[in-house]
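Here is the structure we will look at, set down as structure tokens.
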Amino acid sequence: MKIIWTFTLLMIPGVVSSGSVTGYSGGEVNITCKYKKENTANAKYLCKGKKPKKVKTEWRCELIKTEKKDEWVHSGGFSLYDDTRAAVFTVTIRNLSEQDSGTYHCGVDKTTKKDSYTEVKLDIITGRFTLFCNKYRNLMIYIREINHQDAGAYRIGVEGKWFINMTMNVEEDSCCKLSKRLMVNTGETVTFTCEYSQNHINNVKIIFKERSYSVDMMYSAWNKEERFNISDDRDKNIFNVRITSVTPDDGGVYLCGVWHYRHPYSYSIINTVQLHINPKVGVSRVSGYSGGGLMIKCEHPQYKTNLKYVCKESDGCSERKSPGVQDEWMENGDVSLYDDTRAGVLMVFFRELKAADAGTYRCGVNVSHYTETFTELQLNIKHDAAFVTESTNLGGEVSISCQIPEGYEVRFCKEDDNHICQNISSSKVTQMNGSSERNEERVFTVSISNVSVRDAGVYWCGAETRDTYLTFISLTTKIQLNLIMPPVVSHEGESAEIICPYDSIYKSKPKSLCKGKCSTRDRNTLSETVREEKETKTDRLTLNDNVTASVFTGTITGLTAEDAGKYWCAVTLERDLNYLYTHLMVIMNEELNLTKYEGDDVSIQCKHHDEDQKSFCKAHEASMCVKDGDSLETIRDDRFSFSDEASTGVFTVNITDLREEDSGIYWCGAHFITKVNLTVKKDSVFPSNSKPQKTGEGSESQFDCED
């Protein structure tokens, strides 16, 4: 039996921007991470472990971090070099052990924004010596990460049968300490170059390929493979390796080697080349709408548990987005991702499309360490998505209509707390379809009955298209459904109680009562409560959260005109959920009593504090004005007119040609209102020569009466 030694004089495995890399116990590994040019000035770092949802507040994982550029920085067993010209930073991990195996993330610290991450999985192979039989039944020994301590005498054999003594010398060779990484599509031809020193100019050149537990000779002068070819350029001290009609099985680590004439049982490995295969299985085209959402479902049923990703080709796929965890939604920049391992589907949700999102993407999966498969996605961004606000009372019914192009399947979904739009499936929802006049779009109507606090929120209408490997749901119309609580009415100086029911899933979350707006950018928060049943006070406001009843209550004492207005009930998560509101109406203590005659005119002056909310309403109770009362916007009578003096905080309602049926109770103002008692009498009450004469008009009408 012929004995062949295979000695590795140099091996630098694992130069990757995402995916997987293999290192060897006792050796070192290089992880190379690309980033966008715009992030050149930012600090770079390497983390180990799974990425949590709230990265900024919960992850303190930096193994090494630096703001220095174009120089090596060392920290323990780690070194980092940020190459700003290439927009690449490299992390070297030395003295590898089995404990170094796991998931790592290359990070770019964006300070005011969410950091960007590239995920890398590191596998550590323990032991530098691999003993195996090749296909010719030759016993081979492969030694990785050769060092001077490896020099010496060895005995190799088959126990109880035979052995052979050999001596290994380790020599320095400054040439060729490089590990290359190439990417190629299926069916293409790839060529890579291997450098060698002058010492090996006359040696036979050989190409090996690493397997899990062996090394295969792929090409040599005496072992030629049809699709492989080697050409030796001795003038440049390089030999070129050419592989034609690349297949997914060609992916892996190739070893550029030379055969020693003086040591017929020994080969030296001088370069390593990582060849990554990217088979493109198809091309799909989809359109999204600016400001809208887009759900992409990439199907990989044969690779259910493999690492899946999406990346943009215009960035060179330098920033691959992957969930990081399986069967759980995770945010990554402007998108959310979900790796459904049961179905083998990667769901990618663009929460709010922008013009910059247009371009070509890859939606792929890592088949093995060195083979990926992907579908090309060409995304086009159209005009702005539509936005609609609907409001209804608790327990009421609301109908939402959307227009969907003909030929598409309709989708209706509701955003969850993570901004993910999930399909609606409820017995409370009925769906009806119809066609527009031009028959180019269908009108799709969703009716929700017996509306509860759980129904409030953001909904989307969308159109679904399906391709061979991808499913797209383009969300075209955003609907914010607000719930209206009955108005709260109280008098000046008294107290008012605002009741805010909420979904029981938010029992442990802080609650807020806001006046006007509750958004984080334009917020007038009156009070917040802690995550338990407790009472909090802020000046005249007391806020109490009854988690048993899932209701929090705000009580305001000593009401003034400034307290009147629209109030939002909010639950605080990473953002505020504020889809429920009520009106607080404060009635002035001073009423206005007017008596007029048929045919007279009257002008009534009303105070206001909110220029956008002025009303004149006829109703028995002030609370009826919010829903059932007539305002100037709804009164269809030319005898009523309106004039406004914004600078004075007063607007005037003019009524001409009064009639007896105009008598009644009116409410005048905005949320701070005045009660007006208007009585209109007939002319016959007075003799023609004794009818009162008008002396003035306004909020206080005066009469001269003759006895």
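Residues are named by chain letter and number: chains run A, B, ... in the order of the structure tokens, numbers start at 1 in each chain, and ligands are numbered from 1 in the order shown.
Shell of range 97-103 of chain A at 8 Å, with only C-alpha atoms counted and residues fewer than 3 places along the chain excluded, is Tyr24, Ser25, Gly26, Lys48, Gly49, Lys50, Glu119, Val120, Lys121, Leu122, Asp123, Ile124, Ile125 and Thr126 of chain A.
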Give me every strand (DSSP E) residue in range 353-591 of chain A, going by DSSP on the backbone, as a VMD selection string. chain A and resid 359 to 368 371 to 384 386 to 393 398 to 405 409 to 415 421 to 423 429 to 435 441 to 448 457 to 466 470 to 484 488 to 491 496 to 501 511 to 518 523 to 529 535 to 538 541 to 546 551 to 556 565 to 572 576 to 587
Considering only C-alpha atoms, return as a PyMOL selection string whatever protein or nucleic-acid residues lie within 10 Å of Gly157 in chain A, sequence-local ones (same chain, fewer than 6 positions apart) excluded. chain A and resi 3+139+163-165
Glu598 in chain A: which residues within 10 Å, counting only C-alpha atoms, same-chain residues fewer than 5 positions away excluded, as a PyMOL selection string? chain A and resi 656-662+679-684
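Shell of Val335 in chain A at 6 Å, with only C-alpha atoms counted and residues fewer than 2 places along the chain excluded, is Asn332, Gly333, Phe349 and Phe350 of chain A.
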Identify which of the residues A:Ser245, A:Ser318, A:Asn30, A:Thr375 lies closest to Thr471 in chain A, counting only C-alpha atoms when measuring atom-to-atom distances.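 Using only C-alpha atoms, Thr471 in chain A sits closest to A:Thr375.
By chain and then residue number, the residues within 9 Å of range 71-87 of chain A are Cys33, Lys34, Tyr35, Lys36, Lys37, Asn39, Thr40, Ala41, Lys44, Tyr45, Leu46, Leu63, Ile64, Lys65, Thr66, Glu67, Lys68, Thr90, Val91, Thr92, Ile93, Arg94, Asn95 and Leu96 of chain A, counting only C-alpha atoms and disregarding those fewer than 3 positions away in sequence.
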Which of these residues is nearest to Thr272 in chain A, using only C-alpha atoms: A:Glu497, A:Glu195, A:Glu331, A:Asp235?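 Of A:Glu497, A:Glu195, A:Glu331, A:Asp235, the one nearest Thr272 in chain A, counting only C-alpha atoms, is A:Glu195.
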Expressed in Å to a single decimal, how great is the separation between CA of Asp563 in chain A and CA of Leu678 in chain A? 27.1 Å
All residues 6 Å or closer to range 397-401 of chain A, only C-alpha atoms, same chain fewer than 6 positions away omitted, as an NGL selection string: :A and (444-450)
Go ahead and write the residues just picked, N, CA and C atoms, as a CSV table (one decimal), in the first residue's frame.
```
chain,number,residue,atom,x,y,z
A,444,PHE,N,-63.8,46.5,-3.1
A,444,PHE,CA,-63.8,45.5,-2.1
A,444,PHE,C,-64.2,46.1,-0.7
A,445,THR,N,-65.3,45.6,-0.1
A,445,THR,CA,-65.8,46.2,1.1
A,445,THR,C,-65.7,45.2,2.2
A,446,VAL,N,-65.2,45.6,3.3
A,446,VAL,CA,-65.1,44.8,4.6
A,446,VAL,C,-66.0,45.5,5.6
A,447,SER,N,-66.9,44.7,6.2
A,447,SER,CA,-67.8,45.2,7.3
A,447,SER,C,-67.4,44.6,8.6
A,448,ILE,N,-67.2,45.4,9.6
A,448,ILE,CA,-66.9,44.8,10.9
A,448,ILE,C,-68.0,45.2,11.9
A,449,SER,N,-68.6,44.3,12.5
A,449,SER,CA,-69.8,44.5,13.3
A,449,SER,C,-69.4,44.4,14.8
A,450,ASN,N,-70.2,44.9,15.7
A,450,ASN,CA,-70.0,44.9,17.1
A,450,ASN,C,-68.5,45.2,17.4
```
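Using only C-alpha atoms, the shortest contact distance between Thr305 in chain A and any of A:Asp334, A:Asp340, A:Glu645, A:Glu390 is found at A:Asp340.
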From a DSSP calculation on the backbone, collect every residue of range 447-565 of chain A in helix (DSSP H, G or I) and output the set as number ranges by chain. A: 453-455, 504-506, 561-563
Would you mind telling me which residue in A:Met140, A:Glu562, A:Ser231, A:Arg285 lies nearest to Asp467 in chain A when using only C-alpha atoms?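 Of all the options, A:Arg285 lies closest to Asp467 in chain A.
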